[in-house]
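What follows is a single structure, written as structure tokens, with notes after it.
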Amino acid sequence: MRFSPLSLAVLLLAAPLAQAQTAPASAKDTKHAAPAVASTAPDRVDLDDIRNFSRVYEIVRQAYVEPVDNKTLMKAAISGMLSGLDPHSEYLDKEGLAELNEDTTGQYGGLGIEVLQVDGTLRIVAPIDDTPAARAGIKPGDTIVKVNGKLVEAENIDEMFKELRGDPGTKITLTVLHEKGDKPVDMPLVRERISVTSVKVREIEPGYAYVRISQFQDDTTPDLEKKLGELIKKNGPQKGAVLDLRSNPGGLLTAAVGVSDDFLDSGTIVTTRGRLQDANLSFEAHPGDLLRGVPMVVLVDNGTASAAEIVSGALKDNRRALIVGRRTFGKGVVQTVLPLDPEHAVKITTARYYTPSGTSIQAEGIKPDIALADLSVNKTDNNALLVSSEADLPNHLANENSKGTRDIDNDGSAENAKLATQDYALSQALNVLKGLALNRATPAVPASASKH
């Protein structure tokens, strides 16, 4: 694996903790946007701090209950220095670099969850579609309190995190506290080879496309262009589209820029700013909207993070789409992977990113245009009505234009009820999209015909 030092566009971490991702940035997508921050007065290391570090180091070596070798101590010291900066900076050894490569390709052995270390706990950012975690019912905001019966604590959190991955076919039991639950639940799971197909495309209804992106990896943009192109070729131009970014933990910055560009003809997509010159970048859209400007709705929730927030912010600020759902996660910082040697690297936060309007979403997220509560709906049991319309009345006059072959009861409500009980948020997004499409299809009144 090769890394280009300080090539910021290479990396934007998926949701926190991260599963980092690498890929070369396209030269046409970047340009320097701001000068480097001026250097400040030198901040020299205090000799007392060096002495204290040395003393603590020796105390651990001599007095800790079990022997600790120098290599382990130095690794712990480096890891502690980075983890104390923010939740996303970390030290990567050979194993960590291998995981980073796995996440870039979307293939690894594990459960299919993005996890963040928060105050000595393992917090679920999002499960990945069609993985053991998603099928078991793990949701964004859940907390893993035990792994194979062992309590997750600050002292063993790294070990517990590594347990989540493993050879396909091996078993693991997670004890999970749901976000709104009061009692932990044991979830026996079997690890699988996670091969994440990041893009799924279909029609919800004739003329209305549904695009689901589960994470942003190196093949996401070409996969989107291929699948959406095939859908339009098969079914014709669409009236509108829902882009589903719920529980999308993020991924590659370049993939987020590419997806945004696919739905925009012009405008800024995202800018990044940091202390280094290479951290100051701006990404602009190019002509060529895959959907040719038809209305769009973007579905988001509290598991929509990082690169997924870049896409949401770009489409919202450029007035290309309405954002529907819940406030997003709020990860507005960029990480860069800097190599130390062929088997070790540092993943460090090097910039903040800003939506086209110049807004930082760090720790605040993106507020939806239309907010939806996290609800599910059930179809009510109603007794059949003897008279539900004029057509049920005896001796009613027939419609002179009716051919008698239409099912007047088939008004689409049955399909709407089915979708709403399966996915309430998606049904509401579709209703909003239909309203936008109807408004777009309404012909403008000629000036000469306006009322006086």
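Residue names in the structure tokens use chain letters A, B, ... in the order shown, residue numbers from 1 in each chain, and ligand numbers from 1 in the order shown.
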
Could you give me, as a tab-separated table, a per-residue list for region 84-178 of chain A showing, wherever an atom lies at most 9 Å from an atom of region 296-302 of chain A, the closest pair of atoms and their distance in Å to one decimal, using only C-alpha atoms and sorting by chain then residue number from low to high?
```
residue	atom	partner	partner_atom	distance
A:Val125	CA	A:Asn302	CA	8.3
A:Ala126	CA	A:Asn302	CA	8.9
A:Pro140	CA	A:Asn302	CA	7.0
A:Gly141	CA	A:Asn302	CA	7.9
```

Within 10 Å of region 414-420 of chain A, counting only C-alpha atoms, which residues qualify if same-chain residues fewer than 4 places away don't, as a PyMOL selection string?
chain A and resi 204-205+376-379+409-410+424-428+430-431

Contact residues around region 239-246 of chain A with only C-alpha atoms at 7 Å, ignoring same-chain residues under 5 positions, as JSON, numbers by chain:
{"A": [207, 208, 209, 210, 211, 212, 213, 214, 294, 295, 296, 297, 298, 299, 300, 301, 303, 304, 308, 433, 437]}

Selection from above, N, CA and C atoms, as a PDB file, in the first residue's frame, can you write it?
```pdb
ATOM      1  N   GLY A 207     -41.397   5.729 -12.458  1.00  0.00           N
ATOM      2  CA  GLY A 207     -40.984   7.119 -12.632  1.00  0.00           C
ATOM      3  C   GLY A 207     -40.277   7.731 -11.441  1.00  0.00           C
ATOM      4  N   TYR A 208     -40.179   6.983 -10.331  1.00  0.00           N
ATOM      5  CA  TYR A 208     -39.534   7.517  -9.123  1.00  0.00           C
ATOM      6  C   TYR A 208     -38.397   6.575  -8.692  1.00  0.00           C
ATOM      7  N   ALA A 209     -37.178   7.064  -8.827  1.00  0.00           N
ATOM      8  CA  ALA A 209     -35.995   6.247  -8.536  1.00  0.00           C
ATOM      9  C   ALA A 209     -35.661   6.276  -7.050  1.00  0.00           C
ATOM     10  N   TYR A 210     -35.124   5.163  -6.577  1.00  0.00           N
ATOM     11  CA  TYR A 210     -34.627   5.055  -5.204  1.00  0.00           C
ATOM     12  C   TYR A 210     -33.163   4.676  -5.278  1.00  0.00           C
ATOM     13  N   VAL A 211     -32.305   5.547  -4.738  1.00  0.00           N
ATOM     14  CA  VAL A 211     -30.856   5.311  -4.746  1.00  0.00           C
ATOM     15  C   VAL A 211     -30.389   5.182  -3.302  1.00  0.00           C
ATOM     16  N   ARG A 212     -29.884   4.015  -2.957  1.00  0.00           N
ATOM     17  CA  ARG A 212     -29.366   3.770  -1.615  1.00  0.00           C
ATOM     18  C   ARG A 212     -27.847   3.675  -1.668  1.00  0.00           C
ATOM     19  N   ILE A 213     -27.160   4.539  -0.908  1.00  0.00           N
ATOM     20  CA  ILE A 213     -25.699   4.466  -0.780  1.00  0.00           C
ATOM     21  C   ILE A 213     -25.396   4.169   0.681  1.00  0.00           C
ATOM     22  N   SER A 214     -24.783   3.022   0.940  1.00  0.00           N
ATOM     23  CA  SER A 214     -24.545   2.570   2.317  1.00  0.00           C
ATOM     24  C   SER A 214     -23.236   3.087   2.886  1.00  0.00           C
ATOM     25  N   VAL A 294     -34.320  16.758 -12.282  1.00  0.00           N
ATOM     26  CA  VAL A 294     -35.615  16.393 -11.703  1.00  0.00           C
ATOM     27  C   VAL A 294     -35.523  16.489 -10.178  1.00  0.00           C
ATOM     28  N   PRO A 295     -36.648  16.671  -9.478  1.00  0.00           N
ATOM     29  CA  PRO A 295     -36.608  16.847  -8.027  1.00  0.00           C
ATOM     30  C   PRO A 295     -35.934  15.687  -7.299  1.00  0.00           C
ATOM     31  N   MET A 296     -35.263  16.028  -6.201  1.00  0.00           N
ATOM     32  CA  MET A 296     -34.595  15.024  -5.369  1.00  0.00           C
ATOM     33  C   MET A 296     -34.934  15.256  -3.897  1.00  0.00           C
ATOM     34  N   VAL A 297     -35.017  14.162  -3.169  1.00  0.00           N
ATOM     35  CA  VAL A 297     -35.139  14.191  -1.714  1.00  0.00           C
ATOM     36  C   VAL A 297     -34.017  13.335  -1.150  1.00  0.00           C
ATOM     37  N   VAL A 298     -33.297  13.857  -0.160  1.00  0.00           N
ATOM     38  CA  VAL A 298     -32.233  13.097   0.499  1.00  0.00           C
ATOM     39  C   VAL A 298     -32.719  12.698   1.884  1.00  0.00           C
ATOM     40  N   LEU A 299     -32.725  11.393   2.160  1.00  0.00           N
ATOM     41  CA  LEU A 299     -33.140  10.874   3.462  1.00  0.00           C
ATOM     42  C   LEU A 299     -31.921  10.752   4.367  1.00  0.00           C
ATOM     43  N   VAL A 300     -31.996  11.331   5.575  1.00  0.00           N
ATOM     44  CA  VAL A 300     -30.881  11.292   6.525  1.00  0.00           C
ATOM     45  C   VAL A 300     -31.396  10.937   7.916  1.00  0.00           C
ATOM     46  N   ASP A 301     -30.463  10.526   8.790  1.00  0.00           N
ATOM     47  CA  ASP A 301     -30.791  10.304  10.194  1.00  0.00           C
ATOM     48  C   ASP A 301     -29.544  10.556  11.040  1.00  0.00           C
ATOM     49  N   GLY A 303     -27.398   8.587  12.002  1.00  0.00           N
ATOM     50  CA  GLY A 303     -26.270   7.759  11.580  1.00  0.00           C
ATOM     51  C   GLY A 303     -25.661   8.222  10.265  1.00  0.00           C
ATOM     52  N   THR A 304     -26.163   9.316   9.703  1.00  0.00           N
ATOM     53  CA  THR A 304     -25.607   9.891   8.481  1.00  0.00           C
ATOM     54  C   THR A 304     -24.393  10.731   8.872  1.00  0.00           C
ATOM     55  N   ALA A 308     -21.119  11.270   3.981  1.00  0.00           N
ATOM     56  CA  ALA A 308     -22.551  11.344   3.691  1.00  0.00           C
ATOM     57  C   ALA A 308     -23.095  12.737   4.015  1.00  0.00           C
ATOM     58  N   LEU A 433     -41.563  13.988  -2.541  1.00  0.00           N
ATOM     59  CA  LEU A 433     -41.006  13.977  -3.894  1.00  0.00           C
ATOM     60  C   LEU A 433     -42.105  14.116  -4.939  1.00  0.00           C
ATOM     61  N   ALA A 437     -42.494  16.942  -7.782  1.00  0.00           N
ATOM     62  CA  ALA A 437     -42.609  16.589  -9.203  1.00  0.00           C
ATOM     63  C   ALA A 437     -43.864  17.196  -9.812  1.00  0.00           C
TER      64      ALA A 437
END
```

With only C-alpha atoms as the basis for distance, which of A:Lys94, A:His344, A:Arg202, A:Arg165 is at the shortest distance from Ile232 (chain A)?
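For Ile232 (chain A), the nearest of the given residues is A:Arg202.
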
Write out as number ranges by chain all residues of region 236-363 of chain A that DSSP puts in alpha helix (DSSP H) for this structure's backbone.
A: 253-262, 307-317

Using C-alpha atoms, can you export the residues from the last selection as an mmCIF file, in the first residue's frame?
```cif
data_model
loop_
_atom_site.group_PDB
_atom_site.id
_atom_site.type_symbol
_atom_site.label_atom_id
_atom_site.label_comp_id
_atom_site.auth_asym_id
_atom_site.auth_seq_id
_atom_site.Cartn_x
_atom_site.Cartn_y
_atom_site.Cartn_z
ATOM 1 C CA LEU A 253 -13.832 12.266 0.461
ATOM 2 C CA THR A 254 -13.275 11.776 -3.275
ATOM 3 C CA ALA A 255 -16.286 9.430 -3.472
ATOM 4 C CA ALA A 256 -18.489 11.997 -1.722
ATOM 5 C CA VAL A 257 -17.319 14.666 -4.167
ATOM 6 C CA GLY A 258 -17.961 12.356 -7.126
ATOM 7 C CA VAL A 259 -21.496 11.472 -6.017
ATOM 8 C CA SER A 260 -22.332 15.128 -5.386
ATOM 9 C CA ASP A 261 -20.957 16.055 -8.803
ATOM 10 C CA ASP A 262 -23.194 13.419 -10.418
ATOM 11 C CA ALA A 307 -18.773 11.879 3.680
ATOM 12 C CA ALA A 308 -22.551 11.344 3.691
ATOM 13 C CA GLU A 309 -22.914 14.749 5.342
ATOM 14 C CA ILE A 310 -20.745 16.298 2.626
ATOM 15 C CA VAL A 311 -23.169 15.048 -0.034
ATOM 16 C CA SER A 312 -26.199 16.160 1.993
ATOM 17 C CA GLY A 313 -24.718 19.611 2.561
ATOM 18 C CA ALA A 314 -23.715 20.026 -1.094
ATOM 19 C CA LEU A 315 -27.165 19.130 -2.425
ATOM 20 C CA LYS A 316 -28.928 21.211 0.227
ATOM 21 C CA ASP A 317 -26.853 24.379 -0.106
#
```

Could you give me the residues within region 296-348 of chain A that DSSP places in strand (DSSP E), as a PyMOL selection string?
chain A and resi 296-300+322-325+333-341+344-348

May I have the selected residues written with N, CA and C atoms, as a PDB file, in the first residue's frame?
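Below is the file out_20.pdb, written as the result:
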```pdb
ATOM      1  N   MET A 296     -35.263  16.028  -6.201  1.00  0.00           N
ATOM      2  CA  MET A 296     -34.595  15.024  -5.369  1.00  0.00           C
ATOM      3  C   MET A 296     -34.934  15.256  -3.897  1.00  0.00           C
ATOM      4  N   VAL A 297     -35.017  14.162  -3.169  1.00  0.00           N
ATOM      5  CA  VAL A 297     -35.139  14.191  -1.714  1.00  0.00           C
ATOM      6  C   VAL A 297     -34.017  13.335  -1.150  1.00  0.00           C
ATOM      7  N   VAL A 298     -33.297  13.857  -0.160  1.00  0.00           N
ATOM      8  CA  VAL A 298     -32.233  13.097   0.499  1.00  0.00           C
ATOM      9  C   VAL A 298     -32.719  12.698   1.884  1.00  0.00           C
ATOM     10  N   LEU A 299     -32.725  11.393   2.160  1.00  0.00           N
ATOM     11  CA  LEU A 299     -33.140  10.874   3.462  1.00  0.00           C
ATOM     12  C   LEU A 299     -31.921  10.752   4.367  1.00  0.00           C
ATOM     13  N   VAL A 300     -31.996  11.331   5.575  1.00  0.00           N
ATOM     14  CA  VAL A 300     -30.881  11.292   6.525  1.00  0.00           C
ATOM     15  C   VAL A 300     -31.396  10.937   7.916  1.00  0.00           C
ATOM     16  N   LEU A 322     -34.151  18.475  -1.287  1.00  0.00           N
ATOM     17  CA  LEU A 322     -34.670  18.703   0.058  1.00  0.00           C
ATOM     18  C   LEU A 322     -34.125  17.616   0.976  1.00  0.00           C
ATOM     19  N   ILE A 323     -33.711  17.998   2.169  1.00  0.00           N
ATOM     20  CA  ILE A 323     -33.209  17.043   3.153  1.00  0.00           C
ATOM     21  C   ILE A 323     -34.363  16.670   4.089  1.00  0.00           C
ATOM     22  N   VAL A 324     -34.651  15.381   4.189  1.00  0.00           N
ATOM     23  CA  VAL A 324     -35.781  14.896   4.976  1.00  0.00           C
ATOM     24  C   VAL A 324     -35.288  13.863   5.988  1.00  0.00           C
ATOM     25  N   GLY A 325     -35.747  13.975   7.222  1.00  0.00           N
ATOM     26  CA  GLY A 325     -35.370  12.976   8.224  1.00  0.00           C
ATOM     27  C   GLY A 325     -34.993  13.590   9.553  1.00  0.00           C
ATOM     28  N   VAL A 333     -14.797  16.921  10.205  1.00  0.00           N
ATOM     29  CA  VAL A 333     -13.339  17.015  10.136  1.00  0.00           C
ATOM     30  C   VAL A 333     -12.783  15.948   9.201  1.00  0.00           C
ATOM     31  N   VAL A 334     -11.584  16.222   8.696  1.00  0.00           N
ATOM     32  CA  VAL A 334     -10.932  15.371   7.704  1.00  0.00           C
ATOM     33  C   VAL A 334      -9.672  14.761   8.303  1.00  0.00           C
ATOM     34  N   GLN A 335      -9.439  13.487   7.984  1.00  0.00           N
ATOM     35  CA  GLN A 335      -8.205  12.836   8.429  1.00  0.00           C
ATOM     36  C   GLN A 335      -7.294  12.531   7.239  1.00  0.00           C
ATOM     37  N   THR A 336      -6.005  12.602   7.493  1.00  0.00           N
ATOM     38  CA  THR A 336      -4.988  12.232   6.513  1.00  0.00           C
ATOM     39  C   THR A 336      -4.147  11.110   7.091  1.00  0.00           C
ATOM     40  N   VAL A 337      -3.776  10.151   6.249  1.00  0.00           N
ATOM     41  CA  VAL A 337      -2.890   9.058   6.673  1.00  0.00           C
ATOM     42  C   VAL A 337      -1.464   9.415   6.265  1.00  0.00           C
ATOM     43  N   LEU A 338      -0.585   9.552   7.261  1.00  0.00           N
ATOM     44  CA  LEU A 338       0.817   9.892   7.009  1.00  0.00           C
ATOM     45  C   LEU A 338       1.694   8.694   7.370  1.00  0.00           C
ATOM     46  N   PRO A 339       2.423   8.153   6.396  1.00  0.00           N
ATOM     47  CA  PRO A 339       3.238   6.958   6.657  1.00  0.00           C
ATOM     48  C   PRO A 339       4.465   7.263   7.507  1.00  0.00           C
ATOM     49  N   LEU A 340       4.785   6.330   8.414  1.00  0.00           N
ATOM     50  CA  LEU A 340       6.022   6.397   9.186  1.00  0.00           C
ATOM     51  C   LEU A 340       7.071   5.475   8.581  1.00  0.00           C
ATOM     52  N   ASP A 341       6.629   4.313   8.135  1.00  0.00           N
ATOM     53  CA  ASP A 341       7.446   3.339   7.426  1.00  0.00           C
ATOM     54  C   ASP A 341       6.468   2.425   6.698  1.00  0.00           C
ATOM     55  N   HIS A 344       3.758   1.112   9.293  1.00  0.00           N
ATOM     56  CA  HIS A 344       3.186   1.954  10.345  1.00  0.00           C
ATOM     57  C   HIS A 344       2.815   3.325   9.779  1.00  0.00           C
ATOM     58  N   ALA A 345       1.742   3.898  10.302  1.00  0.00           N
ATOM     59  CA  ALA A 345       1.298   5.210   9.840  1.00  0.00           C
ATOM     60  C   ALA A 345       0.525   5.902  10.949  1.00  0.00           C
ATOM     61  N   VAL A 346       0.337   7.186  10.776  1.00  0.00           N
ATOM     62  CA  VAL A 346      -0.467   7.984  11.699  1.00  0.00           C
ATOM     63  C   VAL A 346      -1.662   8.515  10.923  1.00  0.00           C
ATOM     64  N   LYS A 347      -2.835   8.284  11.471  1.00  0.00           N
ATOM     65  CA  LYS A 347      -4.051   8.872  10.898  1.00  0.00           C
ATOM     66  C   LYS A 347      -4.417  10.046  11.790  1.00  0.00           C
ATOM     67  N   ILE A 348      -4.356  11.237  11.233  1.00  0.00           N
ATOM     68  CA  ILE A 348      -4.483  12.423  12.063  1.00  0.00           C
ATOM     69  C   ILE A 348      -5.440  13.438  11.433  1.00  0.00           C
TER      70      ILE A 348
END
```

Looking at only C-alpha atoms, which of A:Asp103, A:Asp265, A:Glu114, A:Asp43 is the one that sits closest to Ala134 (chain A)?
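The closest residue to Ala134 (chain A) is A:Glu114.
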
Atom-to-atom span, CA of Gly330 (chain A) and CA of Thr221 (chain A), Å:
22.9 Å

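Interatomic distance, CA of Thr131 (chain A) against CA of Gly181 (chain A): 22.4 Å.
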
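Shortest atom-to-atom contact with Val145 (chain A) among A:Ile128, A:Val176, A:Leu281, A:Leu116: A:Val176, counting only C-alpha atoms.
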
Restricting the calculation to only C-alpha atoms, which member of A:Val190, A:Met81, A:Ile172, A:Val118 is positioned closest to Lys150 (chain A)?
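The closest residue to Lys150 (chain A) is A:Ile172.
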